[in-house]
Each structure stands twice: as structure tokens, then as C-alpha cells.
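Asker: What follows is query-v1.cif, made up of mmCIF, N, CA and C atoms:
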data_target
loop_
_atom_site.label_atom_id
_atom_site.label_comp_id
_atom_site.auth_asym_id
_atom_site.auth_seq_id
_atom_site.Cartn_x
_atom_site.Cartn_y
_atom_site.Cartn_z
N VAL Q 1 -68.93 54.52 18.92
CA VAL Q 1 -70.24 54.15 18.40
C VAL Q 1 -70.17 54.21 16.88
N ILE Q 2 -70.67 53.17 16.24
CA ILE Q 2 -70.66 53.09 14.78
C ILE Q 2 -72.09 53.17 14.28
N LYS Q 3 -72.35 54.09 13.38
CA LYS Q 3 -73.67 54.23 12.78
C LYS Q 3 -73.81 53.18 11.69
N THR Q 4 -74.82 52.31 11.82
CA THR Q 4 -75.03 51.23 10.86
C THR Q 4 -76.29 51.39 10.04
N ASP Q 5 -77.16 52.32 10.45
CA ASP Q 5 -78.46 52.51 9.79
C ASP Q 5 -79.27 51.22 9.72
N GLY Q 6 -79.00 50.28 10.64
CA GLY Q 6 -79.74 49.02 10.69
C GLY Q 6 -79.41 48.07 9.56
N LYS Q 7 -78.34 48.33 8.78
CA LYS Q 7 -78.03 47.52 7.60
C LYS Q 7 -77.16 46.30 7.91
N ILE Q 8 -76.58 46.23 9.12
CA ILE Q 8 -75.77 45.07 9.48
C ILE Q 8 -76.20 44.59 10.87
N PRO Q 9 -77.38 43.94 10.93
CA PRO Q 9 -77.92 43.51 12.22
C PRO Q 9 -77.04 42.44 12.88
N PHE Q 10 -77.14 42.35 14.18
CA PHE Q 10 -76.30 41.43 14.95
C PHE Q 10 -77.06 40.97 16.18
N PHE Q 11 -76.51 39.96 16.84
CA PHE Q 11 -77.02 39.47 18.11
C PHE Q 11 -75.91 39.56 19.14
N GLU Q 12 -76.31 39.58 20.40
CA GLU Q 12 -75.35 39.64 21.48
C GLU Q 12 -74.36 38.47 21.37
N GLY Q 13 -73.09 38.76 21.62
CA GLY Q 13 -72.05 37.73 21.57
C GLY Q 13 -71.33 37.63 20.23
N GLN Q 14 -71.79 38.36 19.22
CA GLN Q 14 -71.14 38.30 17.92
C GLN Q 14 -70.03 39.36 17.82
N SER Q 15 -69.27 39.27 16.75
CA SER Q 15 -68.16 40.19 16.51
C SER Q 15 -68.27 40.76 15.10
N TYR Q 16 -67.71 41.95 14.93
CA TYR Q 16 -67.52 42.53 13.61
C TYR Q 16 -66.04 42.46 13.27
N GLY Q 17 -65.74 42.26 11.99
CA GLY Q 17 -64.38 42.36 11.51
C GLY Q 17 -64.14 43.78 11.03
N ILE Q 18 -63.03 44.36 11.45
CA ILE Q 18 -62.66 45.70 11.01
C ILE Q 18 -61.41 45.55 10.14
N VAL Q 19 -61.46 46.12 8.94
CA VAL Q 19 -60.31 46.05 8.03
C VAL Q 19 -59.61 47.40 8.08
N PRO Q 20 -58.41 47.45 8.69
CA PRO Q 20 -57.70 48.73 8.75
C PRO Q 20 -57.21 49.15 7.37
N PRO Q 21 -57.11 50.44 7.12
CA PRO Q 21 -56.62 50.89 5.81
C PRO Q 21 -55.13 50.57 5.66
N GLY Q 22 -54.68 50.59 4.43
CA GLY Q 22 -53.26 50.37 4.16
C GLY Q 22 -52.96 48.94 3.78
N VAL Q 23 -51.68 48.68 3.65
CA VAL Q 23 -51.21 47.36 3.24
C VAL Q 23 -50.05 46.93 4.13
N LYS Q 24 -49.77 45.64 4.07
CA LYS Q 24 -48.59 45.12 4.75
C LYS Q 24 -47.71 44.46 3.69
N ILE Q 25 -46.44 44.31 4.00
CA ILE Q 25 -45.52 43.68 3.07
C ILE Q 25 -45.41 42.20 3.45
N ALA Q 26 -45.80 41.34 2.52
CA ALA Q 26 -45.73 39.90 2.73
C ALA Q 26 -44.28 39.44 2.69
N PRO Q 27 -44.00 38.23 3.21
CA PRO Q 27 -42.62 37.71 3.17
C PRO Q 27 -42.01 37.67 1.78
N ASN Q 28 -42.86 37.55 0.75
CA ASN Q 28 -42.34 37.52 -0.62
C ASN Q 28 -42.09 38.92 -1.18
N GLY Q 29 -42.32 39.95 -0.35
CA GLY Q 29 -42.06 41.32 -0.77
C GLY Q 29 -43.25 42.02 -1.42
N LYS Q 30 -44.34 41.30 -1.62
CA LYS Q 30 -45.52 41.90 -2.25
C LYS Q 30 -46.42 42.54 -1.20
N GLU Q 31 -47.12 43.59 -1.62
CA GLU Q 31 -48.07 44.26 -0.74
C GLU Q 31 -49.38 43.49 -0.69
N LYS Q 32 -49.94 43.39 0.52
CA LYS Q 32 -51.23 42.74 0.74
C LYS Q 32 -52.08 43.63 1.61
N PRO Q 33 -53.39 43.69 1.33
CA PRO Q 33 -54.26 44.46 2.24
C PRO Q 33 -54.24 43.83 3.62
N HIS Q 34 -54.44 44.65 4.64
CA HIS Q 34 -54.53 44.11 6.00
C HIS Q 34 -55.73 43.18 6.11
N ALA Q 35 -55.58 42.14 6.92
CA ALA Q 35 -56.68 41.21 7.18
C ALA Q 35 -57.62 41.83 8.21
N PRO Q 36 -58.88 41.41 8.22
CA PRO Q 36 -59.82 41.92 9.23
C PRO Q 36 -59.40 41.50 10.64
N ARG Q 37 -59.63 42.38 11.59
CA ARG Q 37 -59.43 42.08 13.00
C ARG Q 37 -60.80 42.03 13.64
N LEU Q 38 -61.06 41.00 14.47
CA LEU Q 38 -62.37 40.85 15.09
C LEU Q 38 -62.44 41.63 16.40
N TYR Q 39 -63.56 42.32 16.57
CA TYR Q 39 -63.85 43.06 17.80
C TYR Q 39 -65.23 42.67 18.28
N SER Q 40 -65.34 42.35 19.56
CA SER Q 40 -66.63 41.98 20.15
C SER Q 40 -67.58 43.17 20.11
N ILE Q 41 -68.82 42.89 19.77
CA ILE Q 41 -69.85 43.92 19.76
C ILE Q 41 -70.27 44.17 21.20
N ALA Q 42 -70.27 45.42 21.60
CA ALA Q 42 -70.57 45.79 22.99
C ALA Q 42 -71.95 46.40 23.14
N SER Q 43 -72.85 46.15 22.20
CA SER Q 43 -74.20 46.69 22.24
C SER Q 43 -75.20 45.54 22.27
N SER Q 44 -76.40 45.82 22.75
CA SER Q 44 -77.47 44.84 22.59
C SER Q 44 -77.91 44.89 21.13
N ARG Q 45 -78.70 43.93 20.72
CA ARG Q 45 -79.16 43.89 19.33
C ARG Q 45 -79.97 45.12 18.94
N TYR Q 46 -80.40 45.89 19.94
CA TYR Q 46 -81.20 47.09 19.67
C TYR Q 46 -80.33 48.34 19.48
N GLY Q 47 -79.02 48.19 19.57
CA GLY Q 47 -78.13 49.32 19.38
C GLY Q 47 -78.01 50.17 20.64
N ASP Q 48 -77.22 51.20 20.56
CA ASP Q 48 -76.95 52.04 21.72
C ASP Q 48 -78.10 52.98 22.06
N THR Q 49 -78.93 53.29 21.08
CA THR Q 49 -80.06 54.20 21.32
C THR Q 49 -81.39 53.47 21.16
N PHE Q 50 -81.34 52.15 21.15
CA PHE Q 50 -82.52 51.28 21.07
C PHE Q 50 -83.34 51.48 19.80
N ASP Q 51 -82.69 51.94 18.72
CA ASP Q 51 -83.39 52.06 17.45
C ASP Q 51 -82.78 51.13 16.39
N GLY Q 52 -81.77 50.33 16.77
CA GLY Q 52 -81.16 49.38 15.85
C GLY Q 52 -80.25 50.00 14.81
N ASN Q 53 -79.90 51.28 14.97
CA ASN Q 53 -79.10 51.96 13.95
C ASN Q 53 -77.66 52.22 14.35
N THR Q 54 -77.25 51.76 15.52
CA THR Q 54 -75.86 51.95 15.96
C THR Q 54 -75.34 50.68 16.62
N THR Q 55 -74.04 50.61 16.73
CA THR Q 55 -73.39 49.54 17.50
C THR Q 55 -72.12 50.12 18.10
N SER Q 56 -71.66 49.50 19.16
CA SER Q 56 -70.40 49.91 19.79
C SER Q 56 -69.45 48.74 19.85
N LEU Q 57 -68.18 49.04 19.74
CA LEU Q 57 -67.13 48.04 19.90
C LEU Q 57 -66.31 48.40 21.13
N CYS Q 58 -65.77 47.40 21.78
CA CYS Q 58 -64.91 47.62 22.94
C CYS Q 58 -63.47 47.54 22.43
N VAL Q 59 -62.79 48.67 22.38
CA VAL Q 59 -61.44 48.74 21.78
C VAL Q 59 -60.47 49.35 22.77
N ARG Q 60 -59.33 48.73 22.89
CA ARG Q 60 -58.24 49.28 23.70
C ARG Q 60 -57.06 49.51 22.77
N ARG Q 61 -56.45 50.68 22.87
CA ARG Q 61 -55.30 51.01 22.04
C ARG Q 61 -54.16 50.05 22.38
N ALA Q 62 -53.63 49.36 21.38
CA ALA Q 62 -52.54 48.41 21.59
C ALA Q 62 -51.20 49.10 21.38
N THR Q 63 -50.38 49.08 22.42
CA THR Q 63 -49.02 49.62 22.34
C THR Q 63 -48.07 48.62 22.98
N TYR Q 64 -46.79 48.80 22.75
CA TYR Q 64 -45.79 47.90 23.33
C TYR Q 64 -44.69 48.75 23.96
N TRP Q 65 -44.47 48.53 25.24
CA TRP Q 65 -43.40 49.21 25.96
C TRP Q 65 -42.14 48.38 25.82
N ASP Q 66 -41.10 48.97 25.23
CA ASP Q 66 -39.83 48.27 25.05
C ASP Q 66 -38.89 48.65 26.20
N PRO Q 67 -38.60 47.70 27.09
CA PRO Q 67 -37.76 48.03 28.24
C PRO Q 67 -36.33 48.42 27.83
N GLU Q 68 -35.84 47.91 26.70
CA GLU Q 68 -34.49 48.27 26.25
C GLU Q 68 -34.44 49.71 25.74
N LEU Q 69 -35.51 50.12 25.04
CA LEU Q 69 -35.57 51.50 24.55
C LEU Q 69 -36.00 52.46 25.64
N GLY Q 70 -36.71 51.95 26.64
CA GLY Q 70 -37.23 52.80 27.70
C GLY Q 70 -38.39 53.66 27.24
N ARG Q 71 -39.11 53.19 26.21
CA ARG Q 71 -40.25 53.92 25.66
C ARG Q 71 -41.09 52.97 24.81
N GLU Q 72 -42.22 53.49 24.34
CA GLU Q 72 -43.04 52.69 23.44
C GLU Q 72 -42.33 52.50 22.11
N ASP Q 73 -42.50 51.32 21.53
CA ASP Q 73 -41.92 51.03 20.22
C ASP Q 73 -43.01 51.22 19.16
N PRO Q 74 -42.95 52.31 18.37
CA PRO Q 74 -44.01 52.57 17.38
C PRO Q 74 -44.10 51.50 16.30
N ALA Q 75 -43.04 50.72 16.11
CA ALA Q 75 -43.07 49.66 15.10
C ALA Q 75 -43.97 48.51 15.54
N LYS Q 76 -44.33 48.47 16.82
CA LYS Q 76 -45.13 47.36 17.34
C LYS Q 76 -46.49 47.81 17.84
N LYS Q 77 -46.97 48.95 17.35
CA LYS Q 77 -48.29 49.40 17.78
C LYS Q 77 -49.36 48.64 17.00
N GLY Q 78 -50.51 48.47 17.63
CA GLY Q 78 -51.61 47.77 16.98
C GLY Q 78 -52.14 48.55 15.80
N ILE Q 79 -52.15 47.95 14.64
CA ILE Q 79 -52.59 48.64 13.42
C ILE Q 79 -54.07 49.02 13.50
N CYS Q 80 -54.91 48.05 13.84
CA CYS Q 80 -56.35 48.29 13.80
C CYS Q 80 -56.84 49.03 15.04
N SER Q 81 -56.35 48.66 16.22
CA SER Q 81 -56.84 49.35 17.42
C SER Q 81 -56.47 50.83 17.38
N ASN Q 82 -55.29 51.15 16.90
CA ASN Q 82 -54.90 52.56 16.80
C ASN Q 82 -55.70 53.28 15.72
N PHE Q 83 -55.99 52.61 14.62
CA PHE Q 83 -56.84 53.19 13.58
C PHE Q 83 -58.21 53.55 14.17
N LEU Q 84 -58.80 52.61 14.93
CA LEU Q 84 -60.12 52.88 15.51
C LEU Q 84 -60.06 53.96 16.58
N CYS Q 85 -59.04 53.92 17.42
CA CYS Q 85 -58.93 54.93 18.48
C CYS Q 85 -58.68 56.32 17.92
N ASP Q 86 -58.05 56.42 16.76
CA ASP Q 86 -57.76 57.71 16.14
C ASP Q 86 -58.88 58.19 15.20
N ALA Q 87 -59.87 57.33 14.93
CA ALA Q 87 -60.95 57.69 14.00
C ALA Q 87 -61.77 58.85 14.57
N LYS Q 88 -62.21 59.68 13.69
CA LYS Q 88 -63.02 60.85 14.03
C LYS Q 88 -64.48 60.59 13.63
N PRO Q 89 -65.44 61.25 14.25
CA PRO Q 89 -66.83 61.10 13.82
C PRO Q 89 -66.97 61.37 12.33
N GLY Q 90 -67.64 60.47 11.64
CA GLY Q 90 -67.84 60.61 10.20
C GLY Q 90 -66.85 59.83 9.36
N ASP Q 91 -65.72 59.37 9.96
CA ASP Q 91 -64.75 58.56 9.21
C ASP Q 91 -65.40 57.26 8.78
N LYS Q 92 -65.07 56.80 7.59
CA LYS Q 92 -65.57 55.53 7.08
C LYS Q 92 -64.70 54.39 7.62
N VAL Q 93 -65.36 53.29 7.99
CA VAL Q 93 -64.67 52.11 8.51
C VAL Q 93 -65.15 50.91 7.73
N MET Q 94 -64.22 50.14 7.12
CA MET Q 94 -64.59 48.94 6.39
C MET Q 94 -64.82 47.81 7.38
N MET Q 95 -66.03 47.22 7.32
CA MET Q 95 -66.41 46.18 8.28
C MET Q 95 -66.83 44.91 7.56
N THR Q 96 -66.66 43.79 8.26
CA THR Q 96 -67.17 42.50 7.81
C THR Q 96 -68.02 41.93 8.94
N GLY Q 97 -68.82 40.95 8.62
CA GLY Q 97 -69.59 40.28 9.67
C GLY Q 97 -71.01 40.77 9.73
N PRO Q 98 -71.65 40.48 10.81
CA PRO Q 98 -71.15 39.93 12.06
C PRO Q 98 -70.88 38.43 11.96
N VAL Q 99 -70.02 37.96 12.85
CA VAL Q 99 -69.68 36.55 12.89
C VAL Q 99 -69.79 36.05 14.33
N GLY Q 100 -69.86 34.75 14.46
CA GLY Q 100 -69.87 34.13 15.78
C GLY Q 100 -71.27 33.79 16.26
N ALA Q 101 -71.29 32.92 17.26
CA ALA Q 101 -72.54 32.50 17.86
C ALA Q 101 -73.08 33.62 18.75
N SER Q 102 -74.36 33.61 18.94
CA SER Q 102 -74.95 34.63 19.80
C SER Q 102 -74.85 34.20 21.27
N MET Q 103 -74.92 35.17 22.16
CA MET Q 103 -74.86 34.90 23.60
C MET Q 103 -76.14 35.43 24.23
N VAL Q 104 -77.12 34.58 24.33
CA VAL Q 104 -78.40 34.97 24.92
C VAL Q 104 -78.66 34.04 26.10
N LEU Q 105 -78.92 34.60 27.24
CA LEU Q 105 -79.18 33.80 28.43
C LEU Q 105 -80.56 33.17 28.34
N PRO Q 106 -80.70 31.94 28.86
CA PRO Q 106 -82.01 31.29 28.84
C PRO Q 106 -83.05 32.08 29.64
N GLN Q 107 -84.26 32.13 29.14
CA GLN Q 107 -85.32 32.91 29.77
C GLN Q 107 -86.27 32.06 30.62
N ASP Q 108 -86.10 30.72 30.60
CA ASP Q 108 -87.06 29.85 31.27
C ASP Q 108 -87.01 29.93 32.80
N ASP Q 109 -85.87 30.35 33.38
CA ASP Q 109 -85.77 30.49 34.83
C ASP Q 109 -85.15 31.84 35.16
N PRO Q 110 -85.97 32.84 35.47
CA PRO Q 110 -85.43 34.17 35.74
C PRO Q 110 -84.57 34.24 36.99
N ASN Q 111 -84.61 33.22 37.84
CA ASN Q 111 -83.82 33.20 39.07
C ASN Q 111 -82.55 32.35 38.94
N ALA Q 112 -82.27 31.88 37.73
CA ALA Q 112 -81.08 31.05 37.52
C ALA Q 112 -79.82 31.84 37.82
N VAL Q 113 -78.82 31.15 38.35
CA VAL Q 113 -77.53 31.77 38.67
C VAL Q 113 -76.59 31.50 37.50
N HIS Q 114 -75.90 32.54 37.05
CA HIS Q 114 -74.96 32.41 35.94
C HIS Q 114 -73.59 32.89 36.41
N ILE Q 115 -72.58 32.10 36.15
CA ILE Q 115 -71.20 32.50 36.44
C ILE Q 115 -70.54 32.75 35.10
N MET Q 116 -70.06 33.98 34.90
CA MET Q 116 -69.44 34.35 33.63
C MET Q 116 -67.99 34.71 33.89
N VAL Q 117 -67.11 34.22 33.05
CA VAL Q 117 -65.68 34.44 33.21
C VAL Q 117 -65.15 35.13 31.96
N ALA Q 118 -64.44 36.23 32.14
CA ALA Q 118 -63.80 36.94 31.03
C ALA Q 118 -62.31 36.65 31.11
N THR Q 119 -61.76 36.09 30.05
CA THR Q 119 -60.35 35.69 30.05
C THR Q 119 -59.43 36.73 29.44
N GLY Q 120 -59.94 37.88 29.13
CA GLY Q 120 -59.09 38.93 28.59
C GLY Q 120 -59.40 39.27 27.15
N THR Q 121 -60.14 38.42 26.46
CA THR Q 121 -60.58 38.73 25.10
C THR Q 121 -62.06 38.53 25.04
N GLY Q 122 -62.72 39.25 24.20
CA GLY Q 122 -64.16 39.12 24.07
C GLY Q 122 -64.91 39.58 25.31
N ILE Q 123 -64.41 40.60 25.97
CA ILE Q 123 -65.03 41.07 27.20
C ILE Q 123 -66.18 42.02 26.97
N ALA Q 124 -66.37 42.48 25.76
CA ALA Q 124 -67.38 43.49 25.46
C ALA Q 124 -68.80 43.12 25.92
N PRO Q 125 -69.23 41.86 25.85
CA PRO Q 125 -70.60 41.56 26.30
C PRO Q 125 -70.84 41.88 27.77
N TYR Q 126 -69.80 42.08 28.57
CA TYR Q 126 -69.96 42.40 29.98
C TYR Q 126 -70.20 43.89 30.19
N ARG Q 127 -70.11 44.67 29.15
CA ARG Q 127 -70.25 46.13 29.25
C ARG Q 127 -71.54 46.54 29.87
#
Turn this file's structure into C-alpha cells for me.

Answerer:
Amino acid sequence: VIKTDGKIPFFEGQSYGIVPPGVKIAPNGKEKPHAPRLYSIASSRYGDTFDGNTTSLCVRRATYWDPELGREDPAKKGICSNFLCDAKPGDKVMMTGPVGASMVLPQDDPNAVHIMVATGTGIAPYR
């Protein structure tokens, strides 16, 4: 859960960009800040406590199992997902956004049938 104090409002279906700390080495050898990674917002527009002051992201720690090593390869761990999973309450997180179209179901027919498919990314709205 991220405390936003209502300063970065969003709608269902949008994403926030998270900028992990640190730098990466570009092919030319120069250091560059990490680019933002998009994470689907997993809260309604009213936040997790219905006061508009929080939001949640759906994050899974990214790791890579190397069959040749017979263990996880730390060189291939997800930079941003691991940063978020290791964050402690009160840690500062640099965010961008929100971005993307909203996902609001039509209200004109409350008995309408909706088929929703999650393809493995952007699954947070199903939370």
C-alpha cells in the first residue's frame, strides 16, 4: 500500500511508473538512471481505505532460475520488483503517472455479462 495523501489521483485500469533507485551502465559505458517500470494500480479510485489517500500495486518478485547453475541467478533479478518487495513502511518511492486509459464498466445495464481475460500482465484490476 502506498500513501499518496490524495495528491496523485487515478482511475481504475491505470498504471503508475516506479523509478527504482540506482543507475545502469549504458552500452557506451556511461551511467544512466533506471527507467520507470509500469505497475497496474490494484485499488479503486477511492483507495484502499475509501478516503482517496492510498493506492496498492500488484507486484511479484522477479527472479530467474538458471538450470545450469542449479540456483537463482542474482544478475538477472528484477530491479524494480525486488526494490518494491524489499521496501519497508515509510520508504520513499519515486513515482510517475498515472498513465493509461481507465477501465470502468458501463452502468446502463446492471445485468450485462462481461468476459474478462488476463493474459499475465496488468492483472491488478482483477484483485

Asker: Just the strand (DSSP E or B) stuff from range 21-95 of chain Q, please, per backbone DSSP, written as a PyMOL selection string.

Answerer: chain Q and resi 23-25+31-33+37-41+54-55+57+65-66+71-72+94-95

Asker: What separation in Å, quoted to one decimal, exists between CA of Tyr46 in chain Q and CA of Arg60 in chain Q?

Answerer: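 It comes out at 23.4 Å.
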
Asker: For CA of Gln14 in chain Q and atom C of Phe83 in chain Q, determine how far apart the two atoms are, in Å to one decimal place.

Answerer: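 Separation between CA of Gln14 in chain Q and atom C of Phe83 in chain Q: 20.3 Å.
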
Asker: With the file shown as input, list the residues that the PyMOL selection byres ((chain Q and resi 99) around 7) selects, as a VMD selection string.

Answerer: chain Q and resid 13 to 17 96 to 98 100 to 102

Asker: Just the number, please: distance in Å from atom N of Cys85 in chain Q to atom C of Asn28 in chain Q, one decimal.

Answerer: 29.3 Å

Asker: For this structure, which residues satisfy the selection - the PyMOL selection byres (((chain Q and resi 93-95 and name CA) around 10) and name CA) - when it is evaluated on the file as given? I want them as a VMD selection string.

Answerer: chain Q and resid 2 8 16 to 21 36 to 38 83 to 84 87 90 to 92 96 to 98

Asker: Within 8 Å of Lys76 in chain Q, counting only N, CA and C atoms, which residues show up once you throw out same-chain ones fewer than 2 positions away? Write them as a PyMOL selection string, please.

Answerer: chain Q and resi 62-65+72-74+78-79

Asker: Could you dump the residues just selected with N, CA and C atoms as an mmCIF file, in the coordinates of the input?

Answerer:
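Saved as again_31.cif:
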data_model
loop_
_atom_site.group_PDB
_atom_site.id
_atom_site.type_symbol
_atom_site.label_atom_id
_atom_site.label_comp_id
_atom_site.auth_asym_id
_atom_site.auth_seq_id
_atom_site.Cartn_x
_atom_site.Cartn_y
_atom_site.Cartn_z
ATOM 1 N N ALA Q 62 -53.630 49.360 21.380
ATOM 2 C CA ALA Q 62 -52.540 48.410 21.590
ATOM 3 C C ALA Q 62 -51.200 49.100 21.380
ATOM 4 N N THR Q 63 -50.380 49.080 22.420
ATOM 5 C CA THR Q 63 -49.020 49.620 22.340
ATOM 6 C C THR Q 63 -48.070 48.620 22.980
ATOM 7 N N TYR Q 64 -46.790 48.800 22.750
ATOM 8 C CA TYR Q 64 -45.790 47.900 23.330
ATOM 9 C C TYR Q 64 -44.690 48.750 23.960
ATOM 10 N N TRP Q 65 -44.470 48.530 25.240
ATOM 11 C CA TRP Q 65 -43.400 49.210 25.960
ATOM 12 C C TRP Q 65 -42.140 48.380 25.820
ATOM 13 N N GLU Q 72 -42.220 53.490 24.340
ATOM 14 C CA GLU Q 72 -43.040 52.690 23.440
ATOM 15 C C GLU Q 72 -42.330 52.500 22.110
ATOM 16 N N ASP Q 73 -42.500 51.320 21.530
ATOM 17 C CA ASP Q 73 -41.920 51.030 20.220
ATOM 18 C C ASP Q 73 -43.010 51.220 19.160
ATOM 19 N N PRO Q 74 -42.950 52.310 18.370
ATOM 20 C CA PRO Q 74 -44.010 52.570 17.380
ATOM 21 C C PRO Q 74 -44.100 51.500 16.300
ATOM 22 N N GLY Q 78 -50.510 48.470 17.630
ATOM 23 C CA GLY Q 78 -51.610 47.770 16.980
ATOM 24 C C GLY Q 78 -52.140 48.550 15.800
ATOM 25 N N ILE Q 79 -52.150 47.950 14.640
ATOM 26 C CA ILE Q 79 -52.590 48.640 13.420
ATOM 27 C C ILE Q 79 -54.070 49.020 13.500
#

Asker: Can you list what the PyMOL selection byres ((chain Q and resi 4) around 6) grabs from this structure, as an mmCIF file with N, CA and C atoms, in the frame of the given file?

Answerer:
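Wrote selection29.cif, looks like this:
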data_model
loop_
_atom_site.group_PDB
_atom_site.id
_atom_site.type_symbol
_atom_site.label_atom_id
_atom_site.label_comp_id
_atom_site.auth_asym_id
_atom_site.auth_seq_id
_atom_site.Cartn_x
_atom_site.Cartn_y
_atom_site.Cartn_z
ATOM 1 N N ILE Q 2 -70.670 53.170 16.240
ATOM 2 C CA ILE Q 2 -70.660 53.090 14.780
ATOM 3 C C ILE Q 2 -72.090 53.170 14.280
ATOM 4 N N LYS Q 3 -72.350 54.090 13.380
ATOM 5 C CA LYS Q 3 -73.670 54.230 12.780
ATOM 6 C C LYS Q 3 -73.810 53.180 11.690
ATOM 7 N N ASP Q 5 -77.160 52.320 10.450
ATOM 8 C CA ASP Q 5 -78.460 52.510 9.790
ATOM 9 C C ASP Q 5 -79.270 51.220 9.720
ATOM 10 N N GLY Q 6 -79.000 50.280 10.640
ATOM 11 C CA GLY Q 6 -79.740 49.020 10.690
ATOM 12 C C GLY Q 6 -79.410 48.070 9.560
ATOM 13 N N LYS Q 7 -78.340 48.330 8.780
ATOM 14 C CA LYS Q 7 -78.030 47.520 7.600
ATOM 15 C C LYS Q 7 -77.160 46.300 7.910
ATOM 16 N N ILE Q 8 -76.580 46.230 9.120
ATOM 17 C CA ILE Q 8 -75.770 45.070 9.480
ATOM 18 C C ILE Q 8 -76.200 44.590 10.870
ATOM 19 N N ASN Q 53 -79.900 51.280 14.970
ATOM 20 C CA ASN Q 53 -79.100 51.960 13.950
ATOM 21 C C ASN Q 53 -77.660 52.220 14.350
ATOM 22 N N THR Q 54 -77.250 51.760 15.520
ATOM 23 C CA THR Q 54 -75.860 51.950 15.960
ATOM 24 C C THR Q 54 -75.340 50.680 16.620
ATOM 25 N N THR Q 55 -74.040 50.610 16.730
ATOM 26 C CA THR Q 55 -73.390 49.540 17.500
ATOM 27 C C THR Q 55 -72.120 50.120 18.100
#

Asker: Compare Q:Arg71, Q:Asp66, Q:Val59, Q:Gly52 by their minimum atom-to-atom distance to Ser40 in chain Q, counting all atoms listed in the file, and give me the closest one.

Answerer: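 So, comparing all the options, the nearest one is Q:Val59.
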
Asker: With only C-alpha atoms as the atoms that count, which of Q:Val1, Q:Ile25, Q:Pro9, Q:Asn111 lies nearest to Cys58 in chain Q?

Answerer: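 Residue with the minimum atom-to-atom distance to Cys58 in chain Q: Q:Val1.
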
Asker: Within 5 Å of Pro33 in chain Q, counting all atoms listed in the file, which residues qualify if same-chain residues fewer than 4 places away don't, as an MDAnalysis selection string?

Answerer: chainID Q and resid 22:24

Asker: Using the incomplete input, complete range 66-71 of chain Q to the level of all heavy atoms; output as a PDB file, in the coordinates of the input.

Answerer:
ATOM      1  N   ASP Q  66     -41.100  48.970  25.230  1.00  0.00           N
ATOM      2  CA  ASP Q  66     -39.830  48.270  25.050  1.00  0.00           C
ATOM      3  C   ASP Q  66     -38.890  48.650  26.200  1.00  0.00           C
ATOM      4  O   ASP Q  66     -38.448  49.809  26.282  1.00  0.00           O
ATOM      5  CB  ASP Q  66     -39.207  48.668  23.703  1.00  0.00           C
ATOM      6  CG  ASP Q  66     -37.965  47.851  23.386  1.00  0.00           C
ATOM      7  OD1 ASP Q  66     -37.208  47.491  24.316  1.00  0.00           O
ATOM      8  OD2 ASP Q  66     -37.752  47.568  22.202  1.00  0.00           O
ATOM      9  N   PRO Q  67     -38.600  47.700  27.090  1.00  0.00           N
ATOM     10  CA  PRO Q  67     -37.760  48.030  28.240  1.00  0.00           C
ATOM     11  C   PRO Q  67     -36.330  48.420  27.830  1.00  0.00           C
ATOM     12  O   PRO Q  67     -35.686  49.217  28.513  1.00  0.00           O
ATOM     13  CB  PRO Q  67     -37.773  46.761  29.085  1.00  0.00           C
ATOM     14  CG  PRO Q  67     -38.259  45.683  28.188  1.00  0.00           C
ATOM     15  CD  PRO Q  67     -39.049  46.323  27.106  1.00  0.00           C
ATOM     16  N   GLU Q  68     -35.840  47.910  26.700  1.00  0.00           N
ATOM     17  CA  GLU Q  68     -34.490  48.270  26.250  1.00  0.00           C
ATOM     18  C   GLU Q  68     -34.440  49.710  25.740  1.00  0.00           C
ATOM     19  O   GLU Q  68     -33.461  50.413  25.975  1.00  0.00           O
ATOM     20  CB  GLU Q  68     -34.011  47.299  25.173  1.00  0.00           C
ATOM     21  CG  GLU Q  68     -33.758  45.898  25.713  1.00  0.00           C
ATOM     22  CD  GLU Q  68     -33.309  44.945  24.625  1.00  0.00           C
ATOM     23  OE1 GLU Q  68     -32.959  45.398  23.514  1.00  0.00           O
ATOM     24  OE2 GLU Q  68     -33.311  43.730  24.889  1.00  0.00           O
ATOM     25  N   LEU Q  69     -35.510  50.120  25.040  1.00  0.00           N
ATOM     26  CA  LEU Q  69     -35.570  51.500  24.550  1.00  0.00           C
ATOM     27  C   LEU Q  69     -36.000  52.460  25.640  1.00  0.00           C
ATOM     28  O   LEU Q  69     -35.720  53.657  25.565  1.00  0.00           O
ATOM     29  CB  LEU Q  69     -36.561  51.611  23.380  1.00  0.00           C
ATOM     30  CG  LEU Q  69     -36.214  50.889  22.081  1.00  0.00           C
ATOM     31  CD1 LEU Q  69     -37.365  51.005  21.086  1.00  0.00           C
ATOM     32  CD2 LEU Q  69     -34.937  51.462  21.490  1.00  0.00           C
ATOM     33  N   GLY Q  70     -36.710  51.950  26.640  1.00  0.00           N
ATOM     34  CA  GLY Q  70     -37.230  52.800  27.700  1.00  0.00           C
ATOM     35  C   GLY Q  70     -38.390  53.660  27.240  1.00  0.00           C
ATOM     36  O   GLY Q  70     -38.669  54.704  27.809  1.00  0.00           O
ATOM     37  N   ARG Q  71     -39.110  53.190  26.210  1.00  0.00           N
ATOM     38  CA  ARG Q  71     -40.250  53.920  25.660  1.00  0.00           C
ATOM     39  C   ARG Q  71     -41.090  52.970  24.810  1.00  0.00           C
ATOM     40  O   ARG Q  71     -40.702  51.822  24.594  1.00  0.00           O
ATOM     41  CB  ARG Q  71     -39.795  55.104  24.811  1.00  0.00           C
ATOM     42  CG  ARG Q  71     -38.930  54.707  23.622  1.00  0.00           C
ATOM     43  CD  ARG Q  71     -38.501  55.933  22.803  1.00  0.00           C
ATOM     44  NE  ARG Q  71     -37.501  55.593  21.824  1.00  0.00           N
ATOM     45  CZ  ARG Q  71     -37.753  55.077  20.612  1.00  0.00           C
ATOM     46  NH1 ARG Q  71     -38.985  54.842  20.251  1.00  0.00           N
ATOM     47  NH2 ARG Q  71     -36.772  54.802  19.787  1.00  0.00           N
TER      48      ARG Q  71
END
